[in-house]
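**Student:** Dropping in my_file.tsv, which is TSV, C-alpha atoms:
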```tsv
chain	number	residue	atom	x	y	z
A	1	MET	CA	111.20	94.37	121.01
A	2	ASP	CA	111.06	92.35	124.21
A	3	SER	CA	109.89	88.75	124.37
A	4	ALA	CA	106.46	89.69	125.75
A	5	GLU	CA	105.84	92.00	122.80
A	6	TYR	CA	107.09	89.34	120.40
A	7	GLU	CA	104.74	86.74	121.90
A	8	ARG	CA	101.81	89.17	121.69
A	9	LYS	CA	102.50	89.83	118.01
A	10	ILE	CA	102.85	86.14	117.23
A	11	ALA	CA	99.61	85.34	119.07
A	12	HIS	CA	97.80	88.05	117.13
A	13	ARG	CA	99.09	86.81	113.78
A	14	PHE	CA	98.21	83.21	114.66
A	15	ALA	CA	94.69	84.27	115.69
A	16	ALA	CA	94.23	86.01	112.34
A	17	PHE	CA	94.53	82.62	110.65
A	18	ASP	CA	92.78	80.53	113.32
A	19	GLN	CA	89.39	81.80	112.21
A	20	ASP	CA	87.34	79.44	114.39
A	21	GLY	CA	89.55	79.81	117.49
A	22	ASN	CA	90.09	76.08	117.98
A	23	GLY	CA	93.83	76.43	118.60
A	24	TYR	CA	95.13	75.40	115.20
A	25	ILE	CA	95.06	76.56	111.59
A	26	ASP	CA	93.68	74.21	108.99
A	27	ARG	CA	92.01	74.16	105.59
A	28	ALA	CA	88.63	74.90	107.17
A	29	ASP	CA	89.95	78.25	108.46
A	30	PHE	CA	90.91	79.29	104.94
A	31	ASN	CA	87.59	78.09	103.49
A	32	ALA	CA	85.65	79.91	106.22
A	33	ALA	CA	87.51	83.14	105.46
A	34	ALA	CA	86.70	82.77	101.77
A	35	ALA	CA	83.02	82.07	102.48
A	36	ARG	CA	82.70	85.14	104.73
A	37	LEU	CA	84.34	87.37	102.12
A	38	LEU	CA	81.97	86.14	99.42
A	39	THR	CA	78.98	86.76	101.66
A	40	GLU	CA	80.20	90.25	102.58
A	41	PHE	CA	80.57	91.28	98.96
A	42	GLY	CA	77.53	89.43	97.61
A	43	THR	CA	79.60	87.20	95.36
A	44	THR	CA	78.63	83.63	94.62
A	45	ALA	CA	81.03	80.74	95.10
A	46	ARG	CA	80.31	79.44	91.61
A	47	CYS	CA	81.24	82.59	89.69
A	48	ASP	CA	84.81	83.16	88.44
A	49	LYS	CA	85.71	85.45	91.34
A	50	GLY	CA	84.29	83.01	93.88
A	51	GLN	CA	86.14	80.07	92.36
A	52	ALA	CA	89.37	82.08	92.27
A	53	LEU	CA	88.94	82.98	95.94
A	54	TYR	CA	88.49	79.34	96.99
A	55	THR	CA	91.39	78.27	94.76
A	56	GLY	CA	93.56	81.01	96.27
A	57	ALA	CA	92.54	80.00	99.80
A	58	GLU	CA	93.52	76.40	99.05
A	59	ALA	CA	96.88	77.48	97.61
A	60	PHE	CA	97.53	79.66	100.66
A	61	TRP	CA	96.65	76.77	102.98
A	62	GLN	CA	98.86	74.33	101.06
A	63	GLY	CA	101.76	76.78	101.15
A	64	MET	CA	101.40	77.38	104.86
A	65	ALA	CA	101.05	73.67	105.60
A	66	GLY	CA	104.14	73.00	103.52
A	67	ILE	CA	106.15	75.46	105.56
A	68	ALA	CA	104.74	74.90	109.04
A	69	ASP	CA	102.90	71.56	109.42
A	70	VAL	CA	105.86	69.68	110.84
A	71	ASP	CA	103.98	66.54	111.91
A	72	GLY	CA	101.90	66.31	108.72
A	73	ASP	CA	98.53	66.16	110.50
A	74	GLN	CA	97.01	68.84	108.21
A	75	ARG	CA	96.83	71.28	111.13
A	76	VAL	CA	99.24	74.03	112.13
A	77	THR	CA	99.46	74.54	115.88
A	78	ARG	CA	100.67	77.77	117.42
A	79	GLU	CA	104.04	76.13	118.09
A	80	GLU	CA	104.33	75.00	114.47
A	81	PHE	CA	103.28	78.46	113.33
A	82	VAL	CA	106.00	80.11	115.42
A	83	GLY	CA	108.62	77.48	114.67
A	84	GLY	CA	107.81	77.06	111.02
A	85	ALA	CA	106.02	79.93	109.44
A	86	VAL	CA	107.32	82.89	111.40
A	87	LYS	CA	110.95	81.84	111.78
A	88	ARG	CA	111.30	80.59	108.19
A	89	LEU	CA	109.49	83.55	106.71
A	90	ARG	CA	111.52	86.03	108.71
A	91	ASP	CA	114.44	85.05	106.49
A	92	SER	CA	112.36	85.06	103.30
A	93	PRO	CA	109.28	87.32	103.44
A	94	GLU	CA	109.04	87.09	99.65
A	95	ARG	CA	108.26	83.38	100.00
A	96	PHE	CA	105.28	84.16	102.21
A	97	ALA	CA	104.12	86.80	99.77
A	98	GLU	CA	104.20	84.32	96.93
A	99	ILE	CA	102.27	81.74	98.97
A	100	ALA	CA	99.62	84.35	99.77
A	101	ARG	CA	99.50	86.02	96.33
A	102	PRO	CA	96.71	83.90	94.71
A	103	PHE	CA	94.44	84.42	97.72
A	104	LEU	CA	95.19	88.13	97.99
A	105	ARG	CA	94.67	88.63	94.25
A	106	ALA	CA	91.26	86.96	94.58
A	107	VAL	CA	90.36	89.03	97.67
A	108	ILE	CA	91.12	92.23	95.76
A	109	ALA	CA	89.06	90.96	92.81
A	110	VAL	CA	86.08	90.18	95.06
A	111	ALA	CA	86.35	93.60	96.73
A	112	ASP	CA	86.92	95.38	93.40
A	113	GLY	CA	83.65	97.12	92.64
A	114	GLY	CA	84.97	98.73	89.45
A	115	ASN	CA	86.62	95.64	87.96
A	116	ASP	CA	89.85	97.54	87.37
A	117	GLY	CA	92.11	95.24	89.39
A	118	ARG	CA	92.09	97.53	92.42
A	119	ALA	CA	89.72	97.72	95.38
A	120	SER	CA	88.57	100.89	97.07
A	121	VAL	CA	90.05	101.67	100.47
A	122	ALA	CA	86.56	101.27	101.96
A	123	ASN	CA	86.18	97.78	100.46
A	124	VAL	CA	89.65	96.75	101.63
A	125	GLU	CA	88.64	97.89	105.11
A	126	ARG	CA	85.48	95.76	104.86
A	127	ALA	CA	87.54	92.75	103.76
A	128	LEU	CA	89.98	93.19	106.65
A	129	ARG	CA	87.12	93.37	109.15
A	130	VAL	CA	85.60	90.20	107.70
A	131	LEU	CA	89.00	88.52	108.10
A	132	GLY	CA	89.08	89.43	111.77
A	133	ALA	CA	90.71	92.84	112.09
A	134	SER	CA	89.13	95.30	114.49
A	135	ALA	CA	87.40	98.29	112.89
A	136	GLU	CA	90.19	100.61	114.05
A	137	ILE	CA	93.01	98.44	112.74
A	138	ALA	CA	91.17	97.68	109.50
A	139	GLY	CA	90.69	101.39	108.84
A	140	VAL	CA	94.31	102.31	109.50
A	141	ALA	CA	95.62	99.33	107.53
A	142	ALA	CA	93.39	100.00	104.52
A	143	GLN	CA	94.46	103.64	104.42
A	144	SER	CA	98.14	102.68	104.67
A	145	LEU	CA	97.77	100.26	101.75
A	146	ASP	CA	96.72	103.13	99.49
A	147	THR	CA	100.33	104.13	98.87
A	148	ASP	CA	99.60	106.60	96.06
A	149	ARG	CA	96.56	108.08	97.84
A	150	ASP	CA	94.18	107.56	94.92
A	151	GLY	CA	91.54	105.81	97.02
A	152	LYS	CA	92.39	102.39	95.57
A	153	VAL	CA	94.51	99.45	96.70
A	154	ALA	CA	96.31	97.20	94.22
A	155	GLU	CA	97.33	93.57	94.66
A	156	SER	CA	101.03	94.44	94.79
A	157	ASP	CA	100.45	96.81	97.73
A	158	VAL	CA	98.63	94.12	99.70
A	159	VAL	CA	101.16	91.38	98.97
A	160	SER	CA	104.15	93.46	100.12
A	161	ALA	CA	102.34	94.73	103.22
A	162	LEU	CA	101.36	91.19	104.24
A	163	ALA	CA	104.94	90.00	103.89
A	164	VAL	CA	106.13	92.83	106.13
A	165	TYR	CA	103.35	92.19	108.66
A	166	PHE	CA	104.27	88.54	109.08
A	167	THR	CA	108.00	89.17	109.23
A	168	VAL	CA	108.22	89.32	113.00
A	169	ILE	CA	111.66	89.93	114.40
A	170	GLU	CA	112.41	87.67	117.36
A	171	PRO	CA	113.83	89.44	120.42
A	172	ASP	CA	117.45	88.90	121.38
A	173	ALA	CA	117.78	86.17	123.96
```
Show me this structure written as structure tokens.
**Tutor:**
Amino acid sequence: MDSAEYERKIAHRFAAFDQDGNGYIDRADFNAAAARLLTEFGTTARCDKGQALYTGAEAFWQGMAGIADVDGDQRVTREEFVGGAVKRLRDSPERFAEIARPFLRAVIAVADGGNDGRASVANVERALRVLGASAEIAGVAAQSLDTDRDGKVAESDVVSALAVYFTVIEPDA
């Protein structure tokens, strides 16, 4: 991968978190993502699933800030994201997966129409679109997460895929 491709991928991953497009990632971005997901799936913030989603969003934010917020201002700039999150997580994608796990578990629960711990591919696609993926990418990604082709996506599938997605290999200098 050349440096232009690397920069494009990093920018895309940063934008996925910078929900309001203000140039940095902060707690409000994670709360906004949670609120949009609850609205999309008709789930209230006060129910168990809603509370778990907000708790997971907070844990995800705290984990990211702990890795990437170098200056401690409670905001992660693109530079901090690249320097902190991406470079550190390249060496340990499992760490990122563990930071994201509570949020992803809650997203699957909110999107889980059958309450069996797995969400339909269609609902995962809806969730990805709400989180900012284009319809085309959301569709392809949701299908690819259904590893056993049973029409459902489990938490473990989402956690591993997210770790791989954010493990961006830097081009050789």
**Student:** What separation in Å, quoted to one decimal, exists between CA of His12 (chain A) and CA of Ala68 (chain A)?
**Tutor:**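 Between CA of His12 (chain A) and CA of Ala68 (chain A) the gap is 16.9 Å.
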**Student:** Give me, please, the distance in Å between CA of Gly56 (chain A) and CA of Asp148 (chain A), quoted to one decimal.
**Tutor:**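 Computing the Euclidean distance for CA of Gly56 (chain A) and CA of Asp148 (chain A) yields 26.3 Å.
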**Student:** To one decimal in Å, tell me the separation between CA of Leu53 (chain A) and CA of Ala138 (chain A).
**Tutor:**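 Computing the Euclidean distance for CA of Leu53 (chain A) and CA of Ala138 (chain A) yields 20.1 Å.
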**Student:** Anything within 12 Å of (98.8, 68.8, 108.8): list those residues as a VMD selection string, counting all atoms listed in the file and sticking to the file's coordinates.
**Tutor:** chain A and resid 24 to 28 61 to 77 80 to 81
**Student:** Give the answer as one residue: which of A:Ala122, A:Leu131, A:Val158, A:Val140 has the shortest atom-to-atom distance to Pro102 (chain A), using all atoms listed in the file?
**Tutor:**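 Closest to Pro102 (chain A) of all the choices is A:Val158.
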**Student:** Could you check the closest approach to Ile99 (chain A) for each of A:Glu58, A:Asp112, A:Glu136, A:Glu79 and tell me which residue wins, using all atoms listed in the file?
**Tutor:**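 Selected residue with least distance to Ile99 (chain A): A:Glu58.
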**Student:** Centre and edge lengths of an axis-aligned box around all listed atoms of region 114-123 of chain A, with 6 Å added on each side, are to be given in Å to one decimal, as AutoDock Vina command-line options.
**Tutor:**
```
--center_x 88.5 --center_y 98.5 --center_z 94.7 --size_x 19.1 --size_y 18.4 --size_z 26.6
```
**Student:** Please list as a list in words every residue within 12 Å of Glu98 (chain A), counting only C-alpha atoms and excluding residues in the same chain fewer than 3 positions away.
**Tutor:** Gly56, Ala59, Phe60, Gly63, Met64, Leu89, Ser92, Pro93, Glu94, Arg95, Arg101, Pro102, Phe103, Leu104, Arg105, Glu155, Ser156, Val158, Val159, Ser160, Leu162 and Ala163 of chain A
**Student:** Would you write out those residues with C-alpha atoms, as a JSON list (two decimals), in the coordinates of the input?
**Tutor:**
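This is the output file again.json:
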```
[["chain", "number", "residue", "atom", "x", "y", "z"],
["A", 56, "GLY", "CA", 93.56, 81.01, 96.27],
["A", 59, "ALA", "CA", 96.88, 77.48, 97.61],
["A", 60, "PHE", "CA", 97.53, 79.66, 100.66],
["A", 63, "GLY", "CA", 101.76, 76.78, 101.15],
["A", 64, "MET", "CA", 101.40, 77.38, 104.86],
["A", 89, "LEU", "CA", 109.49, 83.55, 106.71],
["A", 92, "SER", "CA", 112.36, 85.06, 103.30],
["A", 93, "PRO", "CA", 109.28, 87.32, 103.44],
["A", 94, "GLU", "CA", 109.04, 87.09, 99.65],
["A", 95, "ARG", "CA", 108.26, 83.38, 100.00],
["A", 101, "ARG", "CA", 99.50, 86.02, 96.33],
["A", 102, "PRO", "CA", 96.71, 83.90, 94.71],
["A", 103, "PHE", "CA", 94.44, 84.42, 97.72],
["A", 104, "LEU", "CA", 95.19, 88.13, 97.99],
["A", 105, "ARG", "CA", 94.67, 88.63, 94.25],
["A", 155, "GLU", "CA", 97.33, 93.57, 94.66],
["A", 156, "SER", "CA", 101.03, 94.44, 94.79],
["A", 158, "VAL", "CA", 98.63, 94.12, 99.70],
["A", 159, "VAL", "CA", 101.16, 91.38, 98.97],
["A", 160, "SER", "CA", 104.15, 93.46, 100.12],
["A", 162, "LEU", "CA", 101.36, 91.19, 104.24],
["A", 163, "ALA", "CA", 104.94, 90.00, 103.89]]
```
